[in-house]
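Student: After the structure tokens below, expect a handful of questions from me.
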2 protein chains.
Amino acid sequence: MPKLKTINSEVLLNKQLKDTEFRKEYDALAEEYELAGEIIRLRKKSGLTQRQLAELAGTSQPSIARLESGEYTNLTLSFLRKIGRALGVIPEIHFRKLGNVHN
Amino acid sequence: MPKLKTINSEVLLNKQLKDTEFRKEYDALAEEYELAGEIIRLRKKSGLTQRQLAELAGTSQPSIARLESGEYTNLTLSFLRKIGRALGVIPEIHFRKLGNVHN
DNA sequence: TTAGAATATACCAATTTTGATATATTTTGT
DNA sequence: ACAAAATATATCAAAATTGGTATATTCTAA
């Protein structure tokens, strides 16, 4: 998975987003960061520290840190469910059609 | 009398669905089967056999069969992305609040 | 019914996440 | 600035998925 370079120009980014290959990578990365951010939001909304959430979920603080860092892109659904259960939510997977350039 | 039996089963199911513990398990399972079903639908919509999808995704027919059977509940997101890419879709994860009927 | 395709199951090795612990770094409050 | 809490990083073992191959079962059309 090619790493996204930090790009200063939004124009360039928008241009690249129209390239389907680039778009796929971008969407995948965005999804991961979104996921990590969502978990952080949920945890803070619950007023929990990583350690507390770990305790509730039956895992360790470093595992939560790893999850929130987005370090692992290959998380298992069971792990996500475990965390979700501790936060009172259930992860759902939906498939979104890849954006067609022509519409 | 099969009809009566079905009705009783539904009554029992509704009763059980009110039990939170049971509910969690049920939701998790439903989600998994939903996911497997979704993939089957997408594959057939594309007119692909398991072998063809496997080829496109860079995996094997048995792996697709496993995925569609819902055998493994602990799928990795990377695997789902791989399959999704071959089907022209991207898997997205959202967290749904648990338990409350009113959302 | 029968042959061939499609799908499901079985098995084991390989890869990767997760578990677990220790420790470092950053943040927060006083 | 200091101390304590919170978070991030590192390392290695354990557990689970995935890869790959072979084979069995089911489905489909002639």
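Residues in the structure tokens are named by chain (A, B, ... in the order shown) and by number from 1 within that chain; ligands are numbered from 1 in the order shown.
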Going by DSSP on the backbone, which bits of range 26-100 of chain B are alpha helix (DSSP H)? Write them as a ChimeraX atom specification, please.

Tutor: /B:26-45,50-57,61-69,77-87

Student: Tell me the residues of chain D close to chain A, meaning within 12 Å using only C-alpha atoms (C1' of nucleotides), as a CSV table (one decimal) with C-alpha atoms (C1' of nucleotides), in the first residue's frame.

Tutor:
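Saved file result09.csv follows:
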```csv
chain,number,residue,atom,x,y,z
D,5,DA,C1',-1.7,9.9,35.1
D,6,DA,C1',-2.5,8.8,30.3
D,7,DT,C1',-0.8,7.4,26.1
D,8,DA,C1',2.6,5.5,22.8
D,9,DT,C1',6.2,2.2,21.6
D,10,DA,C1',8.9,-2.2,21.8
D,16,DA,C1',-6.3,-17.0,14.7
D,17,DT,C1',-6.9,-16.0,10.0
D,18,DT,C1',-5.3,-16.8,5.4
```

Student: Up to 6 Å from chain A, what residues of chain B turn up? Count only C-alpha atoms and give them as a ChimeraX atom specification.

Tutor: /B:74-78,88-98

Student: Atoms to include: N, CA and C atoms. Write the selected residues as a compact mmCIF listing (two decimals), in the first residue's frame.

Tutor:
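Everything below was put into again.txt:
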```txt
# COMPACT_ATOMS: atom_id res chain seq x y z
N ASN B 74 -14.06 -13.84 12.51
CA ASN B 74 -12.97 -12.93 12.85
C ASN B 74 -12.20 -12.47 11.63
N LEU B 75 -12.90 -12.26 10.56
CA LEU B 75 -12.27 -11.80 9.33
C LEU B 75 -11.46 -10.54 9.57
N THR B 76 -10.43 -10.37 8.78
CA THR B 76 -9.67 -9.13 8.86
C THR B 76 -10.22 -8.13 7.85
N LEU B 77 -10.06 -6.86 8.19
CA LEU B 77 -10.54 -5.82 7.29
C LEU B 77 -9.78 -5.86 5.97
N SER B 78 -8.52 -6.23 6.03
CA SER B 78 -7.73 -6.25 4.79
C SER B 78 -8.27 -7.30 3.83
N GLY B 88 -15.54 -4.05 -6.83
CA GLY B 88 -15.80 -2.64 -7.10
C GLY B 88 -16.48 -1.92 -5.96
N VAL B 89 -16.28 -2.40 -4.75
CA VAL B 89 -16.87 -1.74 -3.59
C VAL B 89 -15.83 -1.61 -2.49
N ILE B 90 -16.15 -0.76 -1.53
CA ILE B 90 -15.26 -0.58 -0.39
C ILE B 90 -16.04 -0.83 0.89
N PRO B 91 -15.50 -1.67 1.76
CA PRO B 91 -16.18 -1.92 3.03
C PRO B 91 -16.02 -0.75 3.98
N GLU B 92 -17.13 -0.36 4.57
CA GLU B 92 -17.09 0.73 5.54
C GLU B 92 -17.64 0.23 6.86
N ILE B 93 -17.01 0.66 7.93
CA ILE B 93 -17.46 0.24 9.26
C ILE B 93 -18.12 1.41 9.97
N HIS B 94 -19.30 1.15 10.48
CA HIS B 94 -19.97 2.15 11.31
C HIS B 94 -20.41 1.51 12.60
N PHE B 95 -20.45 2.31 13.65
CA PHE B 95 -20.88 1.78 14.94
C PHE B 95 -22.32 2.17 15.20
N ARG B 96 -23.11 1.16 15.49
CA ARG B 96 -24.51 1.41 15.78
C ARG B 96 -24.74 1.27 17.28
N LYS B 97 -25.46 2.23 17.83
CA LYS B 97 -25.77 2.18 19.26
C LYS B 97 -26.57 0.94 19.56
N LEU B 98 -26.28 0.36 20.66
CA LEU B 98 -26.86 -0.93 21.01
C LEU B 98 -28.09 -0.77 21.88
```

Student: As a VMD selection string, please: the residues near DG20 in chain D (cut-off 12 Å, only C-alpha atoms (C1' of nucleotides), same-chain neighbours under 5 positions excluded).

Tutor: (chain B and resid 59 to 63) or (chain C and resid 11 to 14)

Student: Would you put the residues from that selection into a file with N, CA, C and O atoms (P, O5', C5', C4', C3', O3' and C1' of nucleotides), as a compact mmCIF listing (two decimals), in the first residue's frame?

Tutor:
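As written to disk, again.txt reads:
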```
# COMPACT_ATOMS: atom_id res chain seq x y z
N THR B 59 -7.00 -14.44 -4.42
CA THR B 59 -7.10 -15.45 -3.36
C THR B 59 -7.62 -16.75 -3.98
O THR B 59 -7.59 -16.89 -5.20
N SER B 60 -8.06 -17.67 -3.16
CA SER B 60 -8.46 -18.98 -3.68
C SER B 60 -9.96 -19.20 -3.53
O SER B 60 -10.61 -18.56 -2.70
N GLN B 61 -10.47 -20.10 -4.32
CA GLN B 61 -11.91 -20.39 -4.27
C GLN B 61 -12.32 -20.84 -2.87
O GLN B 61 -13.37 -20.41 -2.37
N PRO B 62 -11.57 -21.72 -2.21
CA PRO B 62 -11.96 -22.11 -0.86
C PRO B 62 -12.04 -20.94 0.12
O PRO B 62 -12.87 -20.95 1.02
N SER B 63 -11.18 -19.95 -0.07
CA SER B 63 -11.23 -18.79 0.81
C SER B 63 -12.53 -18.02 0.62
O SER B 63 -13.11 -17.51 1.58
P DC C 11 -9.55 -33.32 8.62
O5' DC C 11 -8.09 -32.82 8.26
C5' DC C 11 -7.44 -33.33 7.08
C4' DC C 11 -6.22 -32.51 6.76
C3' DC C 11 -5.44 -32.00 7.97
O3' DC C 11 -4.13 -32.54 7.95
C1' DC C 11 -5.73 -30.28 6.37
P DC C 12 -3.24 -32.47 9.28
O5' DC C 12 -2.13 -31.41 8.85
C5' DC C 12 -1.45 -31.58 7.60
C4' DC C 12 -0.75 -30.29 7.21
C3' DC C 12 0.05 -29.61 8.33
O3' DC C 12 1.30 -29.23 7.81
C1' DC C 12 -1.42 -28.07 7.34
P DA C 13 2.46 -28.77 8.80
O5' DA C 13 3.09 -27.54 8.03
C5' DA C 13 3.25 -27.62 6.60
C4' DA C 13 3.24 -26.22 6.00
C3' DA C 13 4.16 -25.22 6.71
O3' DA C 13 4.82 -24.42 5.73
C1' DA C 13 1.94 -24.41 6.71
P DA C 14 5.91 -23.33 6.17
O5' DA C 14 5.12 -21.96 6.04
C5' DA C 14 4.45 -21.66 4.82
C4' DA C 14 3.79 -20.29 4.91
C3' DA C 14 4.64 -19.21 5.56
O3' DA C 14 4.48 -18.00 4.85
C1' DA C 14 2.62 -19.43 6.76
```

Student: Between chain C and chain A, at 8 Å or less, what are the per-residue closest atom pairs and their distances in Å? Count only C-alpha atoms (C1' of nucleotides), order by chain and rising residue number, and return it as CSV.

Tutor:
```
residue,atom,partner,partner_atom,distance
C:DT17,C1',A:Leu75,CA,7.0
C:DT18,C1',A:Ser63,CA,7.8
C:DG19,C1',A:Thr59,CA,7.8
C:DA20,C1',A:Ser60,CA,8.0
```

Student: How would the residues just chosen look if you wrote them out with N, CA and C atoms (P, O5', C5', C4', C3', O3' and C1' of nucleotides) as a PDB file, in the first residue's frame?

Tutor:
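Result file follows (out_38.pdb):
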```pdb
ATOM      1  P    DT C  17      -1.321  -7.493  10.759  1.00  0.00           P
ATOM      2  O5'  DT C  17      -2.348  -7.678  11.965  1.00  0.00           O
ATOM      3  C5'  DT C  17      -3.649  -8.122  11.680  1.00  0.00           C
ATOM      4  C4'  DT C  17      -4.194  -8.952  12.817  1.00  0.00           C
ATOM      5  C3'  DT C  17      -4.437  -8.164  14.107  1.00  0.00           C
ATOM      6  O3'  DT C  17      -5.731  -8.469  14.602  1.00  0.00           O
ATOM      7  C1'  DT C  17      -3.082 -10.065  14.548  1.00  0.00           C
ATOM      8  P    DT C  18      -6.306  -7.474  15.727  1.00  0.00           P
ATOM      9  O5'  DT C  18      -5.934  -8.192  17.110  1.00  0.00           O
ATOM     10  C5'  DT C  18      -6.465  -9.472  17.384  1.00  0.00           C
ATOM     11  C4'  DT C  18      -5.787 -10.095  18.586  1.00  0.00           C
ATOM     12  C3'  DT C  18      -5.776  -9.226  19.857  1.00  0.00           C
ATOM     13  O3'  DT C  18      -6.445  -9.920  20.889  1.00  0.00           O
ATOM     14  C1'  DT C  18      -3.642 -10.185  19.440  1.00  0.00           C
ATOM     15  P    DG C  19      -6.454  -9.340  22.351  1.00  0.00           P
ATOM     16  O5'  DG C  19      -5.219 -10.078  23.038  1.00  0.00           O
ATOM     17  C5'  DG C  19      -5.165 -11.499  23.014  1.00  0.00           C
ATOM     18  C4'  DG C  19      -4.131 -12.004  24.012  1.00  0.00           C
ATOM     19  C3'  DG C  19      -4.112 -11.277  25.348  1.00  0.00           C
ATOM     20  O3'  DG C  19      -3.831 -12.215  26.377  1.00  0.00           O
ATOM     21  C1'  DG C  19      -2.015 -11.006  24.272  1.00  0.00           C
ATOM     22  P    DA C  20      -4.001 -11.774  27.869  1.00  0.00           P
ATOM     23  O5'  DA C  20      -2.509 -11.388  28.300  1.00  0.00           O
ATOM     24  C5'  DA C  20      -1.444 -12.271  27.975  1.00  0.00           C
ATOM     25  C4'  DA C  20      -0.118 -11.634  28.363  1.00  0.00           C
ATOM     26  C3'  DA C  20      -0.199 -10.660  29.544  1.00  0.00           C
ATOM     27  O3'  DA C  20       0.663 -11.097  30.560  1.00  0.00           O
ATOM     28  C1'  DA C  20       1.007  -9.719  27.728  1.00  0.00           C
TER      29       DA C  20
END
```

Student: What does the structure give for the distance between C1' of DT21 in chain C and CA of Lys44 in chain A, in Å to one decimal?

Tutor: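 Separation of C1' of DT21 in chain C and CA of Lys44 in chain A: 25.7 Å.
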
Student: Quick one: distance from CA of Lys82 in chain B to CA of Gly37 in chain B in Å, one decimal?

Tutor: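 Value for the CA of Lys82 in chain B-CA of Gly37 in chain B distance: 17.0 Å.
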